[in-house]
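J.: This is the content of structure.txt (compact mmCIF, C-alpha atoms):
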# COMPACT_ATOMS: atom_id res chain seq x y z
CA MET I 1 10.60 -10.94 -27.13
CA LEU I 2 8.57 -10.60 -23.94
CA VAL I 3 5.81 -12.88 -25.26
CA SER I 4 8.25 -15.66 -26.17
CA ALA I 5 10.13 -15.27 -22.89
CA LEU I 6 6.89 -15.74 -20.98
CA ALA I 7 5.50 -18.56 -23.14
CA TRP I 8 6.32 -21.25 -20.54
CA LEU I 9 4.21 -19.62 -17.82
CA PRO I 10 0.88 -21.33 -17.06
CA ARG I 11 -2.24 -20.05 -18.79
CA THR I 12 -5.70 -20.33 -17.26
CA GLY I 13 -8.79 -18.51 -18.54
CA ALA I 14 -7.31 -15.08 -19.34
CA GLU I 15 -10.75 -13.60 -20.06
CA GLU I 16 -12.00 -13.84 -16.48
CA VAL I 17 -8.81 -12.80 -14.66
CA ARG I 18 -8.92 -9.34 -13.09
CA ILE I 19 -7.14 -7.41 -10.36
CA VAL I 20 -9.20 -7.15 -7.19
CA ARG I 21 -6.67 -5.14 -5.14
CA GLY I 22 -3.76 -2.99 -6.20
CA PRO I 23 -1.24 -2.66 -7.52
CA TYR I 24 0.52 -1.15 -4.55
CA LEU I 25 4.21 -0.59 -3.77
CA GLN I 26 6.30 -1.95 -0.91
CA LEU I 27 9.94 -2.13 0.19
CA GLY I 28 11.24 0.72 -1.91
CA SER I 29 14.92 1.59 -1.96
CA PRO I 30 17.30 3.57 -4.17
CA THR I 31 17.73 0.49 -6.41
CA GLY I 32 14.56 -1.56 -5.98
CA MET I 33 10.80 -1.66 -5.62
CA THR I 34 8.26 -4.39 -4.91
CA VAL I 35 4.91 -4.38 -6.71
CA VAL I 36 2.03 -6.24 -5.04
CA TRP I 37 -1.51 -7.01 -6.27
CA ASN I 38 -4.34 -9.51 -5.87
CA THR I 39 -6.23 -11.30 -8.62
CA ASN I 40 -9.50 -13.17 -8.53
CA ALA I 41 -8.02 -16.36 -10.06
CA PRO I 42 -4.65 -18.11 -10.32
CA VAL I 43 -2.47 -16.33 -12.86
CA ASP I 44 1.22 -15.73 -13.49
CA GLY I 45 2.38 -12.37 -12.12
CA VAL I 46 4.46 -10.19 -14.43
CA VAL I 47 5.53 -6.56 -14.12
CA GLU I 48 6.79 -4.78 -17.22
CA TYR I 49 8.80 -1.68 -16.38
CA GLY I 50 11.29 0.84 -17.65
CA THR I 51 12.34 4.47 -17.64
CA PRO I 52 10.62 5.44 -20.88
CA PRO I 53 6.85 5.00 -20.98
CA SER I 54 7.47 2.24 -23.56
CA LEU I 55 8.85 -0.01 -20.77
CA GLY I 56 11.20 -2.79 -21.95
CA ALA I 57 12.18 -4.87 -18.91
CA PHE I 58 10.18 -7.39 -16.92
CA ALA I 59 10.20 -9.29 -13.66
CA PHE I 60 7.86 -12.03 -12.58
CA ASP I 61 6.57 -14.22 -9.81
CA PRO I 62 6.28 -17.64 -11.47
CA ALA I 63 3.97 -19.09 -8.81
CA PRO I 64 0.32 -18.50 -9.79
CA SER I 65 -1.65 -17.15 -6.84
CA ALA I 66 -5.23 -16.00 -6.49
CA ILE I 67 -4.38 -14.24 -3.24
CA THR I 68 -1.33 -12.02 -3.62
CA HIS I 69 1.28 -11.50 -6.32
CA VAL I 70 4.64 -10.08 -5.20
CA VAL I 71 7.18 -9.04 -7.83
CA THR I 72 10.43 -7.35 -6.86
CA LEU I 73 12.22 -5.09 -9.32
CA THR I 74 15.98 -4.85 -8.74
CA GLY I 75 18.93 -3.06 -10.33
CA LEU I 76 17.05 0.23 -10.62
CA GLU I 77 18.74 3.63 -10.70
CA PRO I 78 18.38 5.89 -7.62
CA GLY I 79 16.07 8.89 -7.86
CA THR I 80 14.64 7.75 -11.20
CA ILE I 81 11.06 7.61 -12.45
CA TYR I 82 10.00 4.16 -13.68
CA HIS I 83 6.80 3.34 -15.53
CA TYR I 84 5.15 -0.03 -15.03
CA ARG I 85 2.19 -2.22 -15.82
CA VAL I 86 0.95 -5.53 -14.47
CA ARG I 87 0.31 -8.52 -16.71
CA GLY I 88 -1.33 -11.86 -16.11
CA ASN I 89 -1.80 -14.82 -18.42
CA GLY I 90 -0.11 -12.90 -21.21
CA ARG I 91 -2.41 -9.88 -21.12
CA VAL I 92 -2.22 -6.42 -19.57
CA LEU I 93 -4.24 -6.20 -16.33
CA THR I 94 -3.25 -2.60 -15.46
CA ASP I 95 -1.31 0.09 -17.26
CA GLY I 96 -0.14 3.67 -16.87
CA TYR I 97 1.53 3.48 -13.45
CA SER I 98 4.81 5.01 -12.34
CA PHE I 99 6.99 5.43 -9.25
CA LYS I 100 10.25 7.11 -8.34
CA THR I 101 13.04 5.23 -6.61
CA PHE I 102 14.49 6.71 -3.44
CA PRO I 103 17.44 9.09 -3.82
CA ALA I 104 20.91 7.58 -3.41
CA ALA I 105 22.34 7.47 0.11
CA GLY I 106 24.18 10.70 0.85
CA SER I 107 22.31 12.53 -1.89
CA SER I 108 21.64 16.23 -1.40
CA VAL I 109 18.12 15.81 -2.83
CA PRO I 110 15.54 16.80 -0.20
CA PHE I 111 13.61 13.76 1.04
CA ARG I 112 9.86 14.28 1.54
CA LEU I 113 7.97 12.24 4.13
CA ALA I 114 4.19 12.33 4.72
CA ALA I 115 2.46 10.96 7.80
CA TRP I 116 -1.25 10.80 8.57
CA GLY I 117 -3.77 8.70 10.45
CA ASP I 118 -7.35 8.33 11.65
CA SER I 119 -8.48 8.17 8.06
CA GLY I 120 -10.40 4.93 7.61
CA SER I 121 -13.93 6.29 7.44
CA GLY I 122 -14.46 6.17 3.67
CA ASP I 123 -15.91 9.70 3.66
CA GLN I 124 -15.11 12.85 1.68
CA ASN I 125 -12.53 14.01 4.25
CA GLN I 126 -10.52 10.87 3.59
CA LEU I 127 -10.70 11.46 -0.16
CA ASN I 128 -9.52 15.06 0.40
CA VAL I 129 -6.46 13.79 2.29
CA ALA I 130 -5.70 11.35 -0.52
CA THR I 131 -5.94 14.18 -3.06
CA ARG I 132 -3.59 16.38 -1.02
CA LEU I 133 -1.04 13.58 -0.65
CA LEU I 134 -1.09 13.06 -4.41
CA ALA I 135 -0.42 16.76 -4.93
CA VAL I 136 2.84 16.64 -2.96
CA ILE I 137 3.98 13.08 -3.85
CA PRO I 138 6.36 12.40 -0.97
CA HIS I 139 9.16 9.87 -1.34
CA LEU I 140 7.73 7.88 1.54
CA ALA I 141 4.46 7.90 3.46
CA ILE I 142 3.52 6.49 6.85
CA HIS I 143 -0.04 5.84 7.91
CA VAL I 144 0.13 6.03 11.71
CA GLY I 145 -3.00 4.04 12.53
CA ASP I 146 -6.75 3.70 12.34
CA ALA I 147 -6.62 3.06 8.60
CA VAL I 148 -9.94 1.17 8.70
CA TYR I 149 -12.88 1.99 10.96
CA GLU I 150 -14.59 0.78 13.08
CA SER I 151 -12.17 -1.91 14.21
CA GLY I 152 -9.98 -2.83 11.25
CA GLU I 153 -12.49 -5.27 9.75
CA ALA I 154 -11.05 -7.24 6.82
CA GLU I 155 -14.07 -6.46 4.61
CA ASN I 156 -13.41 -2.72 4.98
CA PHE I 157 -9.78 -2.68 3.81
CA ASP I 158 -10.69 -2.34 0.14
CA PRO I 159 -13.42 0.35 0.44
CA ARG I 160 -11.70 2.31 3.23
CA TYR I 161 -8.00 1.98 2.43
CA PHE I 162 -7.05 0.47 -0.93
CA GLN I 163 -9.75 2.22 -2.99
CA PRO I 164 -9.45 5.74 -1.53
CA TYR I 165 -5.64 5.58 -1.72
CA ALA I 166 -5.35 3.58 -4.99
CA SER I 167 -3.61 6.39 -6.89
CA LEU I 168 -1.25 6.97 -3.99
CA VAL I 169 -0.25 3.39 -3.10
CA SER I 170 0.41 2.57 -6.77
CA ARG I 171 2.95 5.43 -6.98
CA LEU I 172 4.81 5.39 -3.66
CA ASN I 173 5.56 3.35 -0.59
CA VAL I 174 3.02 3.73 2.17
CA TYR I 175 4.01 2.03 5.39
CA SER I 176 1.47 1.39 8.10
CA ALA I 177 2.24 1.64 11.79
CA GLN I 178 -0.06 -0.13 14.23
CA PHE I 179 -0.21 1.11 17.79
CA PRO I 180 -1.66 -0.95 20.64
CA THR I 181 -4.89 0.38 22.12
As a first step, turn the structure in this file into structure tokens.

T.:
Amino acid sequence: MLVSALAWLPRTGAEEVRIVRGPYLQLGSPTGMTVVWNTNAPVDGVVEYGTPPSLGAFAFDPAPSAITHVVTLTGLEPGTIYHYRVRGNGRVLTDGYSFKTFPAAGSSVPFRLAAWGDSGSGDQNQLNVATRLLAVIPHLAIHVGDAVYESGEAENFDPRYFQPYASLVSRLNVYSAQFPT
């Protein structure tokens, strides 16, 4: 059913399409989550998701984009684990990811928040912090600044932020705060 439902989406060279950043999560809530990723070529953006690992639902961004794909999942259940994978041009680009929606407002479930900063060096200390954050899996995380050293250079965002935190940002919302210097 998914293949026929997506048959109208544009197809361009599926063999060479790959993810170059992500996926990472944004704008989480008790009933929604946004999945973001970058590809190296124009491709339709599709997220398959569901509560069992077998998935079953999908959402898509019908505008092909080589820069950033943004797909928002809505109508989710609060405090629930969802599995997801990213597709492009009819084929799976990533698989085996999951996230948990925020607890419902007024819920008595404890809400875990993690905050850290000064981490953009790309060294073993940064990897140790990433490992520790994965061990506790907070509901929400805030990076308080200096995510990329020396001066936030664009070419260092992948090796010093998205790669060290790949397992983290694909599973939970990480918000970044920027403070003036």

J.: Tell me which of I:Asp158, I:Asp95, I:Asp118, I:Asp123 sits closest to Val144 of chain I, counting all atoms listed in the file.

T.: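 Of the candidates, the smallest distance to Val144 of chain I is held by I:Asp118.
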
J.: Once 6 Å is added on each side, what are the centre and the three edge lengths, in Å to one decimal, of the axis-aligned box enclosing the listed atoms of segment 23-30 of chain I? Present them as AutoDock Vina command-line options.

T.:
--center_x 8.0 --center_y 0.5 --center_z -3.7 --size_x 30.5 --size_y 18.2 --size_z 19.7

J.: Just checking: using only C-alpha atoms, which residue out of I:Thr131, I:Asn89, I:Gly120, I:Gly75 ends up closest to Glu150 of chain I?

T.: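 Residue with the minimum atom-to-atom distance to Glu150 of chain I: I:Gly120.
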
J.: State, in Å with one decimal place, the distance from atom CA of Ala166 of chain I to atom CA of Gly90 of chain I.

T.: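 Pair atom CA of Ala166 of chain I / atom CA of Gly90 of chain I returns 23.7 Å.
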
J.: Select, counting only C-alpha atoms, all protein, DNA and RNA residues no farther than 9 Å from (11.1, 3.8, -14.0) in file coordinates, and express the selection as an NGL selection string.

T.: :I and (49-53 or 55 or 76-77 or 80-84 or 98-101)

J.: Would you save the residues from that selection as a short mmCIF file (atom, residue, chain, number, x, y, z; two decimals), in the frame of the given file, using C-alpha atoms?

T.:
data_model
loop_
_atom_site.label_atom_id
_atom_site.label_comp_id
_atom_site.auth_asym_id
_atom_site.auth_seq_id
_atom_site.Cartn_x
_atom_site.Cartn_y
_atom_site.Cartn_z
CA TYR I 49 8.80 -1.68 -16.38
CA GLY I 50 11.29 0.84 -17.65
CA THR I 51 12.34 4.47 -17.64
CA PRO I 52 10.62 5.44 -20.88
CA PRO I 53 6.85 5.00 -20.98
CA LEU I 55 8.85 -0.01 -20.77
CA LEU I 76 17.05 0.23 -10.62
CA GLU I 77 18.74 3.63 -10.70
CA THR I 80 14.64 7.75 -11.20
CA ILE I 81 11.06 7.61 -12.45
CA TYR I 82 10.00 4.16 -13.68
CA HIS I 83 6.80 3.34 -15.53
CA TYR I 84 5.15 -0.03 -15.03
CA SER I 98 4.81 5.01 -12.34
CA PHE I 99 6.99 5.43 -9.25
CA LYS I 100 10.25 7.11 -8.34
CA THR I 101 13.04 5.23 -6.61
#

J.: Just the residues within 12 Å of Ser151 of chain I, please, counting all atoms listed in the file, with nothing from its chain fewer than 2 positions along; format it as a count of residues only.

T.: 15
